[in-house]
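Shown next: entry_38.pdb, given as PDB, C-alpha atoms, pLDDT in the B column.
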ATOM      1  CA  MET R  19      -2.131   8.687 -14.226  1.00 58.00           C
ATOM      2  CA  SER R  20      -2.547  12.293 -13.095  1.00 72.00           C
ATOM      3  CA  VAL R  21      -6.220  11.640 -12.217  1.00 59.00           C
ATOM      4  CA  ALA R  22      -5.194   8.774  -9.916  1.00 56.00           C
ATOM      5  CA  PHE R  23      -2.630  11.058  -8.286  1.00 50.00           C
ATOM      6  CA  PHE R  24      -5.241  13.735  -7.592  1.00 49.00           C
ATOM      7  CA  ILE R  25      -7.686  11.182  -6.219  1.00 57.00           C
ATOM      8  CA  LEU R  26      -5.021   9.754  -3.924  1.00 52.00           C
ATOM      9  CA  ALA R  27      -3.941  13.240  -2.840  1.00 48.00           C
ATOM     10  CA  GLY R  28      -7.580  14.137  -2.122  1.00 53.00           C
ATOM     11  CA  ILE R  29      -8.036  11.034  -0.001  1.00 57.00           C
ATOM     12  CA  LEU R  30      -4.865  11.753   1.970  1.00 48.00           C
ATOM     13  CA  VAL R  31      -5.837  15.383   2.578  1.00 49.00           C
ATOM     14  CA  GLY R  32      -9.303  14.249   3.679  1.00 53.00           C
ATOM     15  CA  LEU R  33      -7.824  11.771   6.147  1.00 49.00           C
ATOM     16  CA  TRP R  34      -5.455  14.413   7.492  1.00 51.00           C
ATOM     17  CA  ILE R  35      -8.338  16.868   8.002  1.00 52.00           C
ATOM     18  CA  HIS R  36     -10.468  14.156   9.644  1.00 48.00           C
ATOM     19  CA  ARG R  37      -7.641  13.257  12.027  1.00 59.00           C
ATOM     20  CA  GLY R  38      -7.204  16.900  12.993  1.00 59.00           C
ATOM     21  CA  ILE R  39     -10.921  17.244  13.694  1.00 55.00           C
ATOM     22  CA  SER R  40     -10.886  14.046  15.781  1.00 62.00           C
ATOM     23  CA  GLU R  41      -7.871  15.214  17.806  1.00 66.00           C
ATOM     24  CA  LYS R  42      -9.526  18.569  18.471  1.00 65.00           C
ATOM     25  CA  GLY R  43     -12.798  16.880  19.471  1.00 64.00           C
ATOM     26  CA  ALA R  44     -10.967  14.513  21.812  1.00 62.00           C
ATOM     27  CA  LEU R  45      -9.047  17.356  23.428  1.00 61.00           C
ATOM     28  CA  THR R  46     -12.241  19.349  23.964  1.00 70.00           C
ATOM     29  CA  PHE R  47     -13.922  16.273  25.470  1.00 59.00           C
ATOM     30  CA  TYR R  48     -10.910  15.733  27.754  1.00 67.00           C
ATOM     31  CA  TYR R  49     -10.920  19.304  29.072  1.00 64.00           C
ATOM     32  CA  ARG R  50     -14.677  19.266  29.655  1.00 71.00           C
ATOM     33  CA  ALA R  51     -14.402  15.989  31.563  1.00 67.00           C
ATOM     34  CA  HIS R  52     -11.832  17.572  33.887  1.00 68.00           C
ATOM     35  CA  GLN R  53     -13.964  20.655  34.471  1.00 73.00           C
ATOM     36  CA  LYS R  54     -16.867  18.609  35.821  1.00 70.00           C
ATOM     37  CA  ASP R  55     -17.003  17.457  39.416  1.00 59.00           C
ATOM     38  CA  ASP R  56     -18.715  14.153  38.772  1.00 73.00           C
ATOM     39  CA  ASN R  57     -17.370  10.809  37.531  1.00 85.00           C
ATOM     40  CA  LEU R  58     -14.086  11.496  35.722  1.00 82.00           C
ATOM     41  CA  ALA R  59     -13.422   7.788  35.169  1.00 84.00           C
ATOM     42  CA  LYS R  60     -16.722   7.374  33.321  1.00 87.00           C
ATOM     43  CA  ASP R  61     -15.980  10.386  31.103  1.00 82.00           C
ATOM     44  CA  LEU R  62     -12.432   9.224  30.347  1.00 84.00           C
ATOM     45  CA  GLN R  63     -13.730   5.758  29.493  1.00 87.00           C
ATOM     46  CA  GLU R  64     -16.215   7.333  27.077  1.00 82.00           C
ATOM     47  CA  LEU R  65     -13.450   9.435  25.545  1.00 78.00           C
ATOM     48  CA  THR R  66     -11.257   6.372  24.961  1.00 83.00           C
ATOM     49  CA  GLU R  67     -14.130   4.638  23.204  1.00 87.00           C
ATOM     50  CA  LYS R  68     -15.364   7.584  21.144  1.00 87.00           C
ATOM     51  CA  TYR R  69     -11.918   8.859  20.084  1.00 80.00           C
ATOM     52  CA  SER R  70      -9.931   5.622  20.430  1.00 80.00           C
ATOM     53  CA  HIS R  71      -7.236   6.391  17.867  1.00 78.00           C
ATOM     54  CA  THR R  72      -6.330   9.875  19.056  1.00 83.00           C
ATOM     55  CA  THR R  73      -3.287  10.879  21.048  1.00 82.00           C
ATOM     56  CA  ILE R  74      -5.393  12.287  23.868  1.00 84.00           C
ATOM     57  CA  ALA R  75      -7.317   9.003  24.163  1.00 84.00           C
ATOM     58  CA  ARG R  76      -4.035   7.192  24.774  1.00 85.00           C
ATOM     59  CA  CYS R  77      -3.152   9.711  27.497  1.00 85.00           C
ATOM     60  CA  ALA R  78      -6.639   9.243  28.945  1.00 88.00           C
ATOM     61  CA  LEU R  79      -6.001   5.486  29.142  1.00 90.00           C
ATOM     62  CA  LEU R  80      -3.003   6.118  31.389  1.00 91.00           C
ATOM     63  CA  GLU R  81      -4.992   8.477  33.580  1.00 90.00           C
ATOM     64  CA  LEU R  82      -7.893   6.038  33.668  1.00 93.00           C
ATOM     65  CA  GLY R  83      -5.560   3.223  34.737  1.00 94.00           C
ATOM     66  CA  ASN R  84      -4.233   5.407  37.544  1.00 93.00           C
ATOM     67  CA  ILE R  85      -7.757   6.258  38.722  1.00 92.00           C
ATOM     68  CA  TYR R  86      -8.768   2.597  38.730  1.00 94.00           C
ATOM     69  CA  TYR R  87      -5.588   1.590  40.578  1.00 96.00           C
ATOM     70  CA  LYS R  88      -6.127   4.296  43.193  1.00 94.00           C
ATOM     71  CA  ASN R  89      -9.711   3.043  43.642  1.00 93.00           C
ATOM     72  CA  HIS R  90      -8.442  -0.553  44.030  1.00 96.00           C
ATOM     73  CA  ASP R  91     -10.175  -1.686  40.839  1.00 96.00           C
ATOM     74  CA  ILE R  92      -7.068  -3.513  39.705  1.00 97.00           C
ATOM     75  CA  ASP R  93      -8.584  -5.498  36.828  1.00 97.00           C
ATOM     76  CA  LYS R  94      -9.885  -2.311  35.197  1.00 96.00           C
ATOM     77  CA  ALA R  95      -6.512  -0.628  35.778  1.00 97.00           C
ATOM     78  CA  ILE R  96      -4.740  -3.534  34.075  1.00 97.00           C
ATOM     79  CA  SER R  97      -7.164  -3.345  31.162  1.00 96.00           C
ATOM     80  CA  ALA R  98      -6.579   0.398  30.697  1.00 95.00           C
ATOM     81  CA  TYR R  99      -2.786   0.028  30.841  1.00 95.00           C
ATOM     82  CA  GLN R 100      -2.836  -2.904  28.422  1.00 94.00           C
ATOM     83  CA  LYS R 101      -4.983  -0.941  25.972  1.00 91.00           C
ATOM     84  CA  TYR R 102      -2.421   1.864  26.122  1.00 90.00           C
ATOM     85  CA  GLU R 103       0.325  -0.649  25.427  1.00 88.00           C
ATOM     86  CA  GLU R 104      -1.692  -2.055  22.514  1.00 86.00           C
ATOM     87  CA  TYR R 105      -2.128   1.392  20.937  1.00 79.00           C
ATOM     88  CA  SER R 106       1.391   2.616  21.745  1.00 77.00           C
ATOM     89  CA  PRO R 107       3.742  -0.373  21.942  1.00 68.00           C
ATOM     90  CA  HIS R 108       6.779   1.829  21.327  1.00 69.00           C
ATOM     91  CA  GLY R 109       5.608   5.017  22.993  1.00 68.00           C
ATOM     92  CA  ASP R 110       7.687   7.134  25.321  1.00 69.00           C
ATOM     93  CA  LEU R 111       5.496   6.256  28.299  1.00 85.00           C
ATOM     94  CA  ARG R 112       5.728   2.486  27.801  1.00 88.00           C
ATOM     95  CA  LEU R 113       8.102   2.059  30.748  1.00 92.00           C
ATOM     96  CA  LEU R 114       5.644   3.856  33.029  1.00 92.00           C
ATOM     97  CA  VAL R 115       2.984   1.441  31.815  1.00 94.00           C
ATOM     98  CA  TYR R 116       5.256  -1.523  32.614  1.00 95.00           C
ATOM     99  CA  ASP R 117       5.868  -0.078  36.068  1.00 96.00           C
ATOM    100  CA  SER R 118       2.145   0.410  36.639  1.00 96.00           C
ATOM    101  CA  LEU R 119       1.339  -3.092  35.417  1.00 97.00           C
ATOM    102  CA  GLY R 120       4.004  -4.471  37.742  1.00 98.00           C
ATOM    103  CA  TYR R 121       2.346  -2.767  40.698  1.00 97.00           C
ATOM    104  CA  CYS R 122      -1.089  -3.985  39.597  1.00 98.00           C
ATOM    105  CA  PHE R 123      -0.041  -7.616  39.365  1.00 98.00           C
ATOM    106  CA  GLU R 124       1.862  -7.337  42.639  1.00 98.00           C
ATOM    107  CA  SER R 125      -1.287  -6.079  44.349  1.00 97.00           C
ATOM    108  CA  LYS R 126      -3.140  -9.115  42.964  1.00 97.00           C
ATOM    109  CA  GLY R 127      -0.474 -11.422  44.393  1.00 97.00           C
ATOM    110  CA  ASP R 128       0.741 -12.474  40.937  1.00 97.00           C
ATOM    111  CA  TYR R 129       4.415 -11.990  41.684  1.00 97.00           C
ATOM    112  CA  VAL R 130       5.634 -13.828  38.594  1.00 96.00           C
ATOM    113  CA  LYS R 131       3.716 -11.495  36.267  1.00 97.00           C
ATOM    114  CA  ALA R 132       4.737  -8.449  38.330  1.00 98.00           C
ATOM    115  CA  SER R 133       8.409  -9.430  38.117  1.00 97.00           C
ATOM    116  CA  GLN R 134       8.144  -9.805  34.330  1.00 97.00           C
ATOM    117  CA  PHE R 135       7.037  -6.178  33.952  1.00 96.00           C
ATOM    118  CA  PHE R 136       9.745  -4.863  36.283  1.00 97.00           C
ATOM    119  CA  GLN R 137      12.316  -6.911  34.339  1.00 96.00           C
ATOM    120  CA  GLU R 138      11.110  -5.344  31.076  1.00 94.00           C
ATOM    121  CA  ILE R 139      12.060  -1.943  32.477  1.00 94.00           C
ATOM    122  CA  ILE R 140      15.575  -3.116  33.304  1.00 94.00           C
ATOM    123  CA  LYS R 141      16.027  -4.581  29.819  1.00 93.00           C
ATOM    124  CA  GLU R 142      15.515  -1.172  28.212  1.00 89.00           C
ATOM    125  CA  GLU R 143      18.435   1.048  27.325  1.00 86.00           C
ATOM    126  CA  GLY R 144      19.053   4.075  29.468  1.00 83.00           C
ATOM    127  CA  ASP R 145      18.331   4.324  33.150  1.00 83.00           C
ATOM    128  CA  PHE R 146      14.747   5.570  33.283  1.00 88.00           C
ATOM    129  CA  LEU R 147      12.968   3.788  36.163  1.00 92.00           C
ATOM    130  CA  HIS R 148      15.753   1.197  36.462  1.00 94.00           C
ATOM    131  CA  GLU R 149      16.625   2.143  40.037  1.00 95.00           C
ATOM    132  CA  MET R 150      13.063   1.578  41.238  1.00 96.00           C
ATOM    133  CA  ALA R 151      12.680  -1.525  39.063  1.00 96.00           C
ATOM    134  CA  TYR R 152      15.522  -3.224  40.954  1.00 96.00           C
ATOM    135  CA  ILE R 153      13.906  -2.303  44.276  1.00 97.00           C
ATOM    136  CA  ASN R 154      10.501  -3.464  43.065  1.00 97.00           C
ATOM    137  CA  LEU R 155      11.920  -6.733  41.769  1.00 97.00           C
ATOM    138  CA  GLY R 156      13.646  -7.428  45.064  1.00 97.00           C
ATOM    139  CA  ARG R 157      10.443  -6.723  46.989  1.00 97.00           C
ATOM    140  CA  VAL R 158       8.336  -8.913  44.659  1.00 97.00           C
ATOM    141  CA  TYR R 159      10.841 -11.757  44.903  1.00 97.00           C
ATOM    142  CA  GLU R 160      10.787 -11.439  48.692  1.00 96.00           C
ATOM    143  CA  LYS R 161       6.990 -11.634  48.731  1.00 96.00           C
ATOM    144  CA  ALA R 162       7.139 -14.695  46.482  1.00 96.00           C
ATOM    145  CA  GLY R 163       9.600 -16.371  48.862  1.00 94.00           C
ATOM    146  CA  ASN R 164      12.370 -16.271  46.261  1.00 95.00           C
ATOM    147  CA  THR R 165      15.157 -15.092  48.556  1.00 95.00           C
ATOM    148  CA  THR R 166      17.950 -15.928  46.109  1.00 96.00           C
ATOM    149  CA  ASP R 167      16.628 -13.614  43.382  1.00 96.00           C
ATOM    150  CA  ALA R 168      15.740 -10.923  45.918  1.00 96.00           C
ATOM    151  CA  ILE R 169      19.319 -10.932  47.204  1.00 96.00           C
ATOM    152  CA  ARG R 170      20.675 -10.893  43.643  1.00 96.00           C
ATOM    153  CA  ASN R 171      18.551  -7.845  42.726  1.00 94.00           C
ATOM    154  CA  TYR R 172      19.414  -5.964  45.894  1.00 96.00           C
ATOM    155  CA  GLU R 173      23.099  -6.721  45.330  1.00 96.00           C
ATOM    156  CA  GLU R 174      22.852  -5.427  41.756  1.00 95.00           C
ATOM    157  CA  PHE R 175      21.096  -2.311  43.023  1.00 95.00           C
ATOM    158  CA  ILE R 176      23.897  -1.665  45.545  1.00 96.00           C
ATOM    159  CA  LYS R 177      26.524  -1.963  42.778  1.00 97.00           C
ATOM    160  CA  ARG R 178      24.692   0.227  40.275  1.00 95.00           C
ATOM    161  CA  TYR R 179      23.336   2.952  42.558  1.00 96.00           C
ATOM    162  CA  PRO R 180      25.891   3.678  45.302  1.00 95.00           C
ATOM    163  CA  SER R 181      24.599   7.228  45.765  1.00 95.00           C
ATOM    164  CA  SER R 182      20.897   6.381  45.783  1.00 95.00           C
ATOM    165  CA  PRO R 183      18.771   7.786  48.586  1.00 95.00           C
ATOM    166  CA  TYR R 184      17.414   4.227  48.938  1.00 95.00           C
ATOM    167  CA  LEU R 185      20.861   2.688  49.433  1.00 95.00           C
ATOM    168  CA  LEU R 186      20.707   2.307  53.230  1.00 96.00           C
ATOM    169  CA  MET R 187      17.274   0.709  53.062  1.00 96.00           C
ATOM    170  CA  ILE R 188      18.408  -1.759  50.384  1.00 96.00           C
ATOM    171  CA  LYS R 189      21.640  -2.566  52.226  1.00 95.00           C
ATOM    172  CA  ASP R 190      19.552  -3.317  55.297  1.00 95.00           C
ATOM    173  CA  LYS R 191      17.253  -5.621  53.315  1.00 94.00           C
ATOM    174  CA  PHE R 192      20.262  -7.271  51.670  1.00 93.00           C
ATOM    175  CA  SER R 193      21.955  -7.899  55.050  1.00 94.00           C
ATOM    176  CA  ARG R 194      18.775  -9.227  56.627  1.00 94.00           C
ATOM    177  CA  LEU R 195      18.112 -11.634  53.740  1.00 92.00           C
ATOM    178  CA  THR R 196      21.705 -12.913  53.542  1.00 93.00           C
ATOM    179  CA  GLU R 197      21.727 -13.514  57.309  1.00 91.00           C
ATOM    180  CA  GLU R 198      18.434 -15.412  57.124  1.00 86.00           C
ATOM    181  CA  LYS R 199      19.721 -17.547  54.277  1.00 74.00           C
TER     182      LYS R 199
END
Could you quickly redo this structure as structure tokens?
Amino acid sequence: MSVAFFILAGILVGLWIHRGISEKGALTFYYRAHQKDDNLAKDLQELTEKYSHTTIARCALLELGNIYYKNHDIDKAISAYQKYEEYSPHGDLRLLVYDSLGYCFESKGDYVKASQFFQEIIKEEGDFLHEMAYINLGRVYEKAGNTTDAIRNYEEFIKRYPSSPYLLMIKDKFSRLTEEK
């Protein structure tokens, strides 16, 4: 029994040491990629493949998604964000990923999918990104021609965020849509 314990302990210590070495290697790779002036996206992609199960690789996926989105390569951005979500389904940055995915699908004209991601933000406890999620939902519903849901979201925004810097803009949208309807 004590031999099995020592073997198990040895395996666990070995895994812990290996993970530490991988994290350090990934971090070094990440810093070197940022020090170069050439293709950061290519280097970050390589990092996410070589060190896929490290913390820094997950962060690199978010950065990679942002680079792809900025370069209008929306399908690659979606892929990077979805890989982050796959590796960190309960991570602290999940709501940012939902927000980013919402913008990606909106830019592709898939307003139904975009609205689903913005709704996921609103479903979460707390208030992180909720204010913008209501605005984004209203805008996506408007683009989709769904005036009823756009009005409903703008109305909810007005109730929840009476001191928002966006309040006048949303009240204007709300008034315009209710007059048109």
Using all atoms listed in the file, pick whichever of R:Phe192, R:Tyr102, R:Phe175, R:Tyr87 has the shortest atom-to-atom distance to Ala75 of chain R.
R:Tyr102
Kindly extract all protein, DNA and RNA residues lying within 12 Å of the coordinates (18.4, 0.5, 51.6) given in the file, considering all atoms listed in the file, and supply them as a compact mmCIF listing (two decimals) with C-alpha atoms, in the coordinates of the input.
# COMPACT_ATOMS: atom_id res chain seq x y z
CA GLU R 149 16.62 2.14 40.04
CA MET R 150 13.06 1.58 41.24
CA TYR R 152 15.52 -3.22 40.95
CA ILE R 153 13.91 -2.30 44.28
CA GLY R 156 13.65 -7.43 45.06
CA ARG R 157 10.44 -6.72 46.99
CA TYR R 172 19.41 -5.96 45.89
CA GLU R 173 23.10 -6.72 45.33
CA PHE R 175 21.10 -2.31 43.02
CA ILE R 176 23.90 -1.66 45.54
CA TYR R 179 23.34 2.95 42.56
CA PRO R 180 25.89 3.68 45.30
CA SER R 181 24.60 7.23 45.76
CA SER R 182 20.90 6.38 45.78
CA PRO R 183 18.77 7.79 48.59
CA TYR R 184 17.41 4.23 48.94
CA LEU R 185 20.86 2.69 49.43
CA LEU R 186 20.71 2.31 53.23
CA MET R 187 17.27 0.71 53.06
CA ILE R 188 18.41 -1.76 50.38
CA LYS R 189 21.64 -2.57 52.23
CA ASP R 190 19.55 -3.32 55.30
CA LYS R 191 17.25 -5.62 53.32
CA PHE R 192 20.26 -7.27 51.67
CA SER R 193 21.96 -7.90 55.05
CA ARG R 194 18.77 -9.23 56.63
Suppose you want the space between atom CA of Ala78 of chain R and atom CA of Lys141 of chain R; what is it in Å?
26.6 Å
Under the PyMOL selection byres ((chain R and resi 90-99) around 8), which residues of this model are included? Write them out as a CSV table (one decimal) with C-alpha atoms, in the coordinates of the input.
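Wrote part-v2.csv, looks like this:
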chain,number,residue,atom,x,y,z
R,79,LEU,CA,-6.0,5.5,29.1
R,80,LEU,CA,-3.0,6.1,31.4
R,82,LEU,CA,-7.9,6.0,33.7
R,83,GLY,CA,-5.6,3.2,34.7
R,84,ASN,CA,-4.2,5.4,37.5
R,85,ILE,CA,-7.8,6.3,38.7
R,86,TYR,CA,-8.8,2.6,38.7
R,87,TYR,CA,-5.6,1.6,40.6
R,88,LYS,CA,-6.1,4.3,43.2
R,89,ASN,CA,-9.7,3.0,43.6
R,100,GLN,CA,-2.8,-2.9,28.4
R,101,LYS,CA,-5.0,-0.9,26.0
R,102,TYR,CA,-2.4,1.9,26.1
R,103,GLU,CA,0.3,-0.6,25.4
R,115,VAL,CA,3.0,1.4,31.8
R,118,SER,CA,2.1,0.4,36.6
R,119,LEU,CA,1.3,-3.1,35.4
R,122,CYS,CA,-1.1,-4.0,39.6
R,125,SER,CA,-1.3,-6.1,44.3
R,126,LYS,CA,-3.1,-9.1,43.0
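Within 8 Å of Arg76 of chain R, once only C-alpha atoms are used and residues closer than 3 positions along the same chain are dropped, the contacting residues are R:Thr66, R:Ser70, R:His71, R:Thr72, R:Thr73, R:Leu79, R:Leu80, R:Tyr102, R:Tyr105, R:Ser106.
You will find atom CA of Tyr121 of chain R at 13.1 Å from atom CA of Tyr159 of chain R.
One finds atom CA of Leu155 of chain R at 8.1 Å from atom CA of Ala132 of chain R.
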When you count only C-alpha atoms, which of these residues is closest to Val158 of chain R: R:Glu124, R:Glu174, R:Asp145, R:Glu138?
R:Glu124
Selection: 9 Å around segment 161-163 of chain R, all atoms listed in the file, excl. self and same-chain fewer than 5 positions, as a PyMOL selection string:
chain R and resi 127-130+156+168
